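With compact mmCIF, C-alpha atoms inside, this is my_file33.txt:
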```txt
# COMPACT_ATOMS: atom_id res chain seq x y z
CA MET A 8 -30.04 -9.62 -87.69
CA ASN A 9 -27.43 -11.83 -86.07
CA ILE A 10 -24.92 -9.98 -83.86
CA THR A 11 -21.69 -11.96 -83.76
CA PHE A 12 -18.66 -11.27 -81.56
CA ILE A 13 -15.35 -12.88 -82.54
CA THR A 14 -12.21 -12.86 -80.41
CA GLY A 15 -8.78 -12.72 -82.02
CA ALA A 16 -10.34 -11.53 -85.25
CA ASN A 17 -7.77 -9.13 -86.65
CA LYS A 18 -5.97 -11.83 -88.68
CA SER A 19 -5.99 -15.40 -89.98
CA LEU A 20 -9.01 -17.57 -89.12
CA GLY A 21 -10.69 -14.89 -87.04
CA PHE A 22 -10.41 -12.28 -89.77
CA GLU A 23 -11.66 -14.65 -92.48
CA THR A 24 -14.56 -15.71 -90.27
CA ALA A 25 -15.43 -12.05 -89.75
CA ARG A 26 -15.23 -11.40 -93.49
CA ARG A 27 -17.47 -14.31 -94.38
CA LEU A 28 -20.08 -13.61 -91.73
CA THR A 29 -20.16 -9.92 -92.64
CA SER A 30 -20.81 -10.91 -96.26
CA LEU A 31 -23.68 -13.12 -95.03
CA GLY A 32 -25.33 -10.18 -93.32
CA HIS A 33 -24.19 -10.63 -89.73
CA THR A 34 -23.42 -7.59 -87.65
CA VAL A 35 -19.85 -8.52 -86.78
CA LEU A 36 -18.10 -7.17 -83.71
CA LEU A 37 -14.41 -7.75 -84.36
CA GLY A 38 -12.56 -8.39 -81.12
CA ALA A 39 -8.79 -7.92 -80.93
CA ARG A 40 -6.21 -7.03 -78.33
CA ASP A 41 -4.24 -4.50 -80.39
CA PRO A 42 -6.33 -1.35 -81.03
CA GLU A 43 -4.47 -0.28 -84.17
CA ARG A 44 -4.59 -3.67 -85.87
CA GLY A 45 -8.09 -4.37 -84.69
CA GLN A 46 -9.47 -1.10 -85.96
CA ALA A 47 -7.69 -1.50 -89.30
CA ALA A 48 -9.18 -4.98 -89.74
CA ALA A 49 -12.66 -3.81 -88.78
CA THR A 50 -12.48 -0.85 -91.14
CA GLU A 51 -11.43 -3.11 -94.01
CA LEU A 52 -14.40 -5.41 -93.42
CA GLY A 53 -17.04 -2.88 -92.47
CA ALA A 54 -17.28 -4.39 -88.99
CA ARG A 55 -17.13 -2.70 -85.59
CA PHE A 56 -13.96 -3.03 -83.56
CA VAL A 57 -14.22 -3.95 -79.89
CA GLN A 58 -10.95 -3.99 -77.96
CA ILE A 59 -10.50 -7.10 -75.82
CA ASP A 60 -7.62 -8.92 -74.17
CA VAL A 61 -9.13 -12.32 -73.38
CA THR A 62 -6.56 -12.92 -70.64
CA ASP A 63 -7.58 -9.83 -68.68
CA ASP A 64 -10.74 -9.64 -66.56
CA ALA A 65 -11.03 -5.86 -66.77
CA SER A 66 -10.61 -5.83 -70.55
CA VAL A 67 -13.28 -8.50 -70.99
CA ALA A 68 -15.66 -6.63 -68.69
CA ALA A 69 -15.07 -3.43 -70.64
CA ALA A 70 -15.87 -5.21 -73.92
CA VAL A 71 -19.12 -6.54 -72.46
CA ALA A 72 -20.08 -3.06 -71.24
CA ASP A 73 -19.30 -1.58 -74.67
CA ILE A 74 -21.50 -4.09 -76.46
CA GLU A 75 -24.25 -3.82 -73.85
CA ALA A 76 -24.38 -0.07 -74.47
CA ARG A 77 -24.22 -0.27 -78.28
CA GLU A 78 -25.86 -3.50 -79.47
CA GLY A 79 -27.54 -4.74 -76.30
CA ARG A 80 -27.06 -8.44 -77.01
CA VAL A 81 -24.87 -11.04 -78.69
CA ASP A 82 -26.44 -13.83 -80.74
CA THR A 83 -23.24 -15.72 -81.46
CA LEU A 84 -19.99 -15.72 -79.51
CA ILE A 85 -16.99 -17.16 -81.33
CA ASN A 86 -14.07 -17.93 -79.01
CA ASN A 87 -11.27 -17.90 -81.55
CA ALA A 88 -8.30 -16.28 -79.79
CA GLY A 89 -5.48 -18.68 -79.05
CA VAL A 90 -1.73 -19.30 -79.08
CA PRO A 91 0.34 -22.28 -80.29
CA GLY A 92 2.89 -22.14 -77.50
CA PRO A 93 6.68 -22.09 -77.83
CA ALA A 94 8.28 -24.01 -80.70
CA VAL A 95 10.84 -25.84 -78.56
CA PRO A 96 11.58 -29.51 -77.77
CA ALA A 97 9.27 -30.99 -75.14
CA GLU A 98 12.08 -31.25 -72.59
CA GLN A 99 12.51 -27.48 -72.73
CA LEU A 100 8.90 -26.64 -71.94
CA THR A 101 8.36 -24.88 -68.63
CA ALA A 102 5.48 -24.47 -66.22
CA ALA A 103 5.32 -20.83 -67.27
CA ASP A 104 4.88 -21.93 -70.90
CA ALA A 105 2.04 -24.23 -69.86
CA SER A 106 0.37 -21.51 -67.82
CA HIS A 107 0.49 -19.10 -70.77
CA VAL A 108 -0.95 -21.58 -73.27
CA PHE A 109 -3.74 -22.80 -70.99
CA GLU A 110 -4.53 -19.28 -69.77
CA THR A 111 -5.02 -18.09 -73.35
CA ASN A 112 -6.57 -21.16 -74.95
CA VAL A 113 -8.72 -22.57 -72.14
CA VAL A 114 -9.09 -20.29 -69.13
CA SER A 115 -9.92 -17.35 -71.38
CA ILE A 116 -12.83 -19.24 -72.92
CA VAL A 117 -14.26 -19.58 -69.43
CA ARG A 118 -13.56 -15.92 -68.71
CA VAL A 119 -15.14 -14.65 -71.93
CA THR A 120 -18.08 -17.05 -71.99
CA THR A 121 -19.06 -16.30 -68.40
CA ALA A 122 -18.81 -12.55 -68.96
CA PHE A 123 -20.88 -12.71 -72.15
CA LEU A 124 -23.67 -14.91 -70.79
CA PRO A 125 -25.96 -11.96 -69.91
CA LEU A 126 -25.66 -10.68 -73.50
CA LEU A 127 -26.16 -14.14 -74.97
CA ARG A 128 -29.26 -14.74 -72.87
CA LYS A 129 -30.86 -11.67 -74.43
CA ALA A 130 -30.72 -13.39 -77.84
CA GLN A 131 -33.55 -15.51 -79.19
CA HIS A 132 -31.27 -18.36 -80.28
CA PRO A 133 -27.85 -17.84 -78.63
CA ALA A 134 -24.85 -19.85 -79.72
CA VAL A 135 -21.23 -20.25 -78.68
CA VAL A 136 -18.61 -21.55 -81.10
CA ASN A 137 -15.27 -22.59 -79.62
CA VAL A 138 -12.39 -22.93 -82.06
CA SER A 139 -10.70 -26.17 -81.04
CA SER A 140 -8.44 -28.42 -83.14
CA GLY A 141 -8.09 -31.96 -84.36
CA MET A 142 -4.68 -31.72 -82.71
CA GLY A 143 -6.55 -32.16 -79.45
CA SER A 144 -8.09 -35.44 -80.60
CA GLN A 145 -6.61 -38.70 -79.32
CA ALA A 146 -8.13 -40.52 -82.29
CA LEU A 147 -6.59 -38.22 -84.90
CA THR A 148 -3.18 -37.78 -83.27
CA HIS A 149 -2.77 -41.57 -83.16
CA ASP A 150 -3.90 -42.17 -86.74
CA PRO A 151 -0.85 -42.42 -89.07
CA GLU A 152 -3.07 -41.51 -92.00
CA ARG A 153 -3.85 -38.12 -90.45
CA VAL A 154 -1.59 -35.07 -90.53
CA GLU A 155 -2.35 -34.48 -86.86
CA SER A 156 -0.23 -37.54 -85.97
CA GLN A 157 2.89 -36.00 -87.50
CA PHE A 158 3.41 -33.28 -84.90
CA SER A 159 4.35 -33.18 -81.25
CA MET A 160 2.99 -30.08 -79.50
CA PRO A 161 2.26 -31.13 -75.91
CA LEU A 162 0.85 -27.87 -74.60
CA TYR A 163 -1.20 -26.83 -77.62
CA THR A 164 -2.72 -30.28 -78.13
CA ALA A 165 -3.56 -30.68 -74.45
CA SER A 166 -5.16 -27.24 -74.36
CA LYS A 167 -7.32 -28.01 -77.38
CA ALA A 168 -8.42 -31.33 -75.89
CA ALA A 169 -9.53 -29.28 -72.90
CA VAL A 170 -11.39 -26.85 -75.16
CA THR A 171 -13.39 -29.68 -76.73
CA MET A 172 -14.30 -31.19 -73.36
CA LEU A 173 -15.16 -27.75 -72.03
CA THR A 174 -17.48 -27.36 -75.00
CA THR A 175 -19.35 -30.58 -74.34
CA GLN A 176 -19.74 -29.74 -70.67
CA TYR A 177 -20.99 -26.22 -71.38
CA ALA A 178 -23.46 -27.73 -73.84
CA LYS A 179 -24.92 -29.76 -70.99
CA ALA A 180 -24.82 -26.99 -68.42
CA LEU A 181 -25.89 -23.86 -70.31
CA THR A 182 -29.57 -24.45 -70.91
CA GLY A 183 -30.92 -22.73 -73.98
CA ILE A 184 -27.51 -21.92 -75.46
CA ARG A 185 -26.11 -23.97 -78.33
CA VAL A 186 -22.40 -24.67 -77.66
CA ASN A 187 -20.24 -26.41 -80.25
CA ALA A 188 -16.58 -26.73 -81.23
CA ALA A 189 -14.94 -26.33 -84.63
CA ASP A 190 -11.78 -27.96 -85.96
CA PRO A 191 -10.34 -25.71 -88.70
CA GLY A 192 -8.03 -28.46 -89.97
CA PHE A 193 -4.47 -28.04 -91.27
CA THR A 194 -4.84 -24.52 -92.55
CA ALA A 195 -2.16 -22.17 -93.85
CA THR A 196 -1.90 -19.55 -91.09
CA ASP A 197 0.73 -17.83 -88.96
CA PHE A 198 0.39 -20.69 -86.47
CA ASN A 199 2.19 -23.12 -88.78
CA GLY A 200 4.25 -20.75 -90.89
CA HIS A 201 1.62 -21.05 -93.63
CA ARG A 202 2.53 -24.70 -94.21
CA GLY A 203 -1.06 -25.85 -93.93
CA THR A 204 -2.67 -27.57 -96.90
CA GLN A 205 -6.03 -25.79 -96.61
CA THR A 206 -6.82 -22.21 -97.50
CA VAL A 207 -7.93 -19.91 -94.73
CA THR A 208 -11.40 -19.96 -96.26
CA GLU A 209 -11.54 -23.75 -96.05
CA GLY A 210 -10.24 -23.47 -92.50
CA THR A 211 -13.22 -21.35 -91.50
CA ASP A 212 -15.86 -23.61 -93.05
CA ALA A 213 -16.69 -25.40 -89.79
CA ILE A 214 -16.75 -22.15 -87.81
CA VAL A 215 -19.10 -20.49 -90.29
CA THR A 216 -21.30 -23.58 -90.39
CA LEU A 217 -21.74 -23.54 -86.62
CA ALA A 218 -22.34 -19.78 -86.62
CA THR A 219 -25.04 -19.91 -89.29
CA GLU A 220 -26.81 -23.24 -88.85
CA HIS A 221 -30.42 -23.69 -87.79
CA PRO A 222 -31.06 -23.24 -84.05
CA ASP A 223 -32.17 -26.88 -83.84
CA ALA A 224 -28.93 -28.23 -85.36
CA GLY A 225 -27.70 -29.52 -82.02
CA THR A 226 -25.28 -28.77 -79.20
CA GLY A 227 -22.17 -30.39 -77.76
CA ARG A 228 -20.74 -31.29 -81.17
CA PHE A 229 -17.19 -31.17 -82.56
CA ILE A 230 -17.02 -30.78 -86.35
CA ASP A 231 -14.61 -29.97 -89.13
CA ARG A 232 -15.48 -28.85 -92.65
CA LEU A 233 -16.48 -32.41 -93.60
CA GLY A 234 -18.56 -33.33 -90.54
CA PRO A 235 -18.17 -34.78 -87.04
CA VAL A 236 -14.65 -35.26 -85.68
CA ASN A 237 -13.61 -38.36 -83.71
CA TRP A 238 -11.69 -37.50 -80.60
```
File written out as structure tokens:
Amino acid sequence: MNITFITGANKSLGFETARRLTSLGHTVLLGARDPERGQAAATELGARFVQIDVTDDASVAAAVADIEAREGRVDTLINNAGVPGPAVPAEQLTAADASHVFETNVVSIVRVTTAFLPLLRKAQHPAVVNVSSGMGSQALTHDPERVESQFSMPLYTASKAAVTMLTTQYAKALTGIRVNAADPGFTATDFNGHRGTQTVTEGTDAIVTLATEHPDAGTGRFIDRLGPVNW
């Protein structure tokens, strides 16, 4: 049975990913920062809630210890937690804004992945799925035919470009662990005021694919629901 841990899973893409993987028979550990919301989401899905603040070393260590004591391993780690950053003109962005976005979207993937490596290495076919975005793709954000080119979000896009590169580098460095990135696409979530043109289920297609594919499917890839993403 596949044991899957998902960060930021009490709502939106994380919650739908947890729902779908639970329905496919995964033992889902639903990670969330807020205990009340996290437990409510886990109860609704029949998953187990694990409290985690991905920006806090002690919280991440406590989550690892909890899972080590209960499940003993993690087969699939899904780094989903993230923030869009402030919705202000570029000239109003501050260094503090940048630090917050990169701390949550990039640094926390390093924090969580490193902490979870001992649990992943106890799995037969360990995998890491990083939720990135086509908004971090130079190819897509410069293509007038793509929705990604219609927005200017300097901090979010830069952080997601970093997530994708981090993914490819981890894929090279972490021997025996499959590491890939998913682009949910323009999905109706809280991030965009539910203006996205895809359903939340469609937005989780790439994540679920990477979490359920054959162990030999490959590493260091960046895909959306239709296939490889240019970036």
Would you pick out the contacts of Thr50 in chain A at 12 Å or less, using all atoms listed in the file, so that residues sharing its chain but fewer than 5 positions from it are not included, and give the list as a PyMOL selection string?
chain A and resi 17+22+25-26+29+35-37+42-45+55-57
Separation of CA of Ala49 in chain A from CA of Thr216 in chain A, in Å and rounded to one decimal:
21.6 Å
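Between CA of Thr14 in chain A and CA of Arg153 in chain A the separation is 28.4 Å.
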Computed interatomic separation between CA of Arg118 in chain A and CA of Asp63 in chain A (Å):
8.5 Å
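Distance annotation: of A:Leu28, A:Ile10, A:Ser139, A:Glu110, the residue with the minimal separation from Arg77 in chain A is A:Ile10; atom set is only C-alpha atoms.
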Within 9 Å of Gln145 in chain A, counting only C-alpha atoms, which residues show up once you throw out same-chain ones fewer than 4 positions away? Write them as a VMD selection string, please.
chain A and resid 141 149 to 150 168 237 to 238
Which polymer residues have any atom within 10 Å of an atom of Arg228 in chain A, counting all atoms listed in the file, with same-chain residues fewer than 5 positions away left out, as JSON, numbers by chain?
{"A": [136, 171, 174, 175, 178, 185, 186, 187, 188, 189, 217, 234, 235, 236]}
Keeping only C-alpha atoms, write the selected residues as a PDB file, in the frame of the given file.
```
ATOM      1  CA  VAL A 136     -18.610 -21.550 -81.100  1.00  0.00           C
ATOM      2  CA  THR A 171     -13.390 -29.680 -76.730  1.00  0.00           C
ATOM      3  CA  THR A 174     -17.480 -27.360 -75.000  1.00  0.00           C
ATOM      4  CA  THR A 175     -19.350 -30.580 -74.340  1.00  0.00           C
ATOM      5  CA  ALA A 178     -23.460 -27.730 -73.840  1.00  0.00           C
ATOM      6  CA  ARG A 185     -26.110 -23.970 -78.330  1.00  0.00           C
ATOM      7  CA  VAL A 186     -22.400 -24.670 -77.660  1.00  0.00           C
ATOM      8  CA  ASN A 187     -20.240 -26.410 -80.250  1.00  0.00           C
ATOM      9  CA  ALA A 188     -16.580 -26.730 -81.230  1.00  0.00           C
ATOM     10  CA  ALA A 189     -14.940 -26.330 -84.630  1.00  0.00           C
ATOM     11  CA  LEU A 217     -21.740 -23.540 -86.620  1.00  0.00           C
ATOM     12  CA  GLY A 234     -18.560 -33.330 -90.540  1.00  0.00           C
ATOM     13  CA  PRO A 235     -18.170 -34.780 -87.040  1.00  0.00           C
ATOM     14  CA  VAL A 236     -14.650 -35.260 -85.680  1.00  0.00           C
TER      15      VAL A 236
END
```
List the spatial neighbours of Ala69 in chain A as a list in words - criterion: any atom at most 9 Å away, all atoms listed in the file, same-chain residues fewer than 4 positions off excluded.
Gln58, Ile59, Asp64, Ala65, Asp73 and Ile74 of chain A
Who sits within 10 Å of Val81 in chain A, only C-alpha atoms, same chain under 5 positions skipped, as a ChimeraX atom specification:
/A:9-12,34-36,71,74-75,123-135
Just the selected residues (C-alpha atoms), exported as a PDB file, in the coordinates of the input, please.
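New file result-v2.pdb:
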```
ATOM      1  CA  ASN A   9     -27.430 -11.830 -86.070  1.00  0.00           C
ATOM      2  CA  ILE A  10     -24.920  -9.980 -83.860  1.00  0.00           C
ATOM      3  CA  THR A  11     -21.690 -11.960 -83.760  1.00  0.00           C
ATOM      4  CA  PHE A  12     -18.660 -11.270 -81.560  1.00  0.00           C
ATOM      5  CA  THR A  34     -23.420  -7.590 -87.650  1.00  0.00           C
ATOM      6  CA  VAL A  35     -19.850  -8.520 -86.780  1.00  0.00           C
ATOM      7  CA  LEU A  36     -18.100  -7.170 -83.710  1.00  0.00           C
ATOM      8  CA  VAL A  71     -19.120  -6.540 -72.460  1.00  0.00           C
ATOM      9  CA  ILE A  74     -21.500  -4.090 -76.460  1.00  0.00           C
ATOM     10  CA  GLU A  75     -24.250  -3.820 -73.850  1.00  0.00           C
ATOM     11  CA  PHE A 123     -20.880 -12.710 -72.150  1.00  0.00           C
ATOM     12  CA  LEU A 124     -23.670 -14.910 -70.790  1.00  0.00           C
ATOM     13  CA  PRO A 125     -25.960 -11.960 -69.910  1.00  0.00           C
ATOM     14  CA  LEU A 126     -25.660 -10.680 -73.500  1.00  0.00           C
ATOM     15  CA  LEU A 127     -26.160 -14.140 -74.970  1.00  0.00           C
ATOM     16  CA  ARG A 128     -29.260 -14.740 -72.870  1.00  0.00           C
ATOM     17  CA  LYS A 129     -30.860 -11.670 -74.430  1.00  0.00           C
ATOM     18  CA  ALA A 130     -30.720 -13.390 -77.840  1.00  0.00           C
ATOM     19  CA  GLN A 131     -33.550 -15.510 -79.190  1.00  0.00           C
ATOM     20  CA  HIS A 132     -31.270 -18.360 -80.280  1.00  0.00           C
ATOM     21  CA  PRO A 133     -27.850 -17.840 -78.630  1.00  0.00           C
ATOM     22  CA  ALA A 134     -24.850 -19.850 -79.720  1.00  0.00           C
ATOM     23  CA  VAL A 135     -21.230 -20.250 -78.680  1.00  0.00           C
TER      24      VAL A 135
END
```
Nearest to Ala97 in chain A, restricted to only C-alpha atoms and choosing among A:Tyr163, A:Leu233, A:Gln46, A:Pro151, comes out as A:Tyr163
Closest of A:Gly79, A:Gly143, A:Gly53, A:Pro161 to Pro93 in chain A - atom-to-atom distances counting all atoms listed in the file:
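Answer, going by the shortest atom-to-atom distance: A:Pro161.
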Here is a test: counting all atoms listed in the file, which residue of A:Gly210, A:Gly38, A:Gly21, A:Gly225 is nearest to Asp190 in chain A?
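Looking only at the distances to Asp190 in chain A, the closest residue turns out to be A:Gly210.
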As lines of an AutoDock Vina configuration file, please: the centre and edge lengths in Å, to one decimal, of an axis-aligned box enclosing every listed atom of range 80-91 of chain A with 4 Å added on each side.
```
center_x = -13.4
center_y = -15.4
center_z = -79.3
size_x = 35.4
size_y = 21.8
size_z = 12.5
```
Which is closest to Ala39 in chain A among A:Lys18, A:Lys179, A:Arg232, A:Lys167, if we use only C-alpha atoms?
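Nearest to Ala39 in chain A: A:Lys18.
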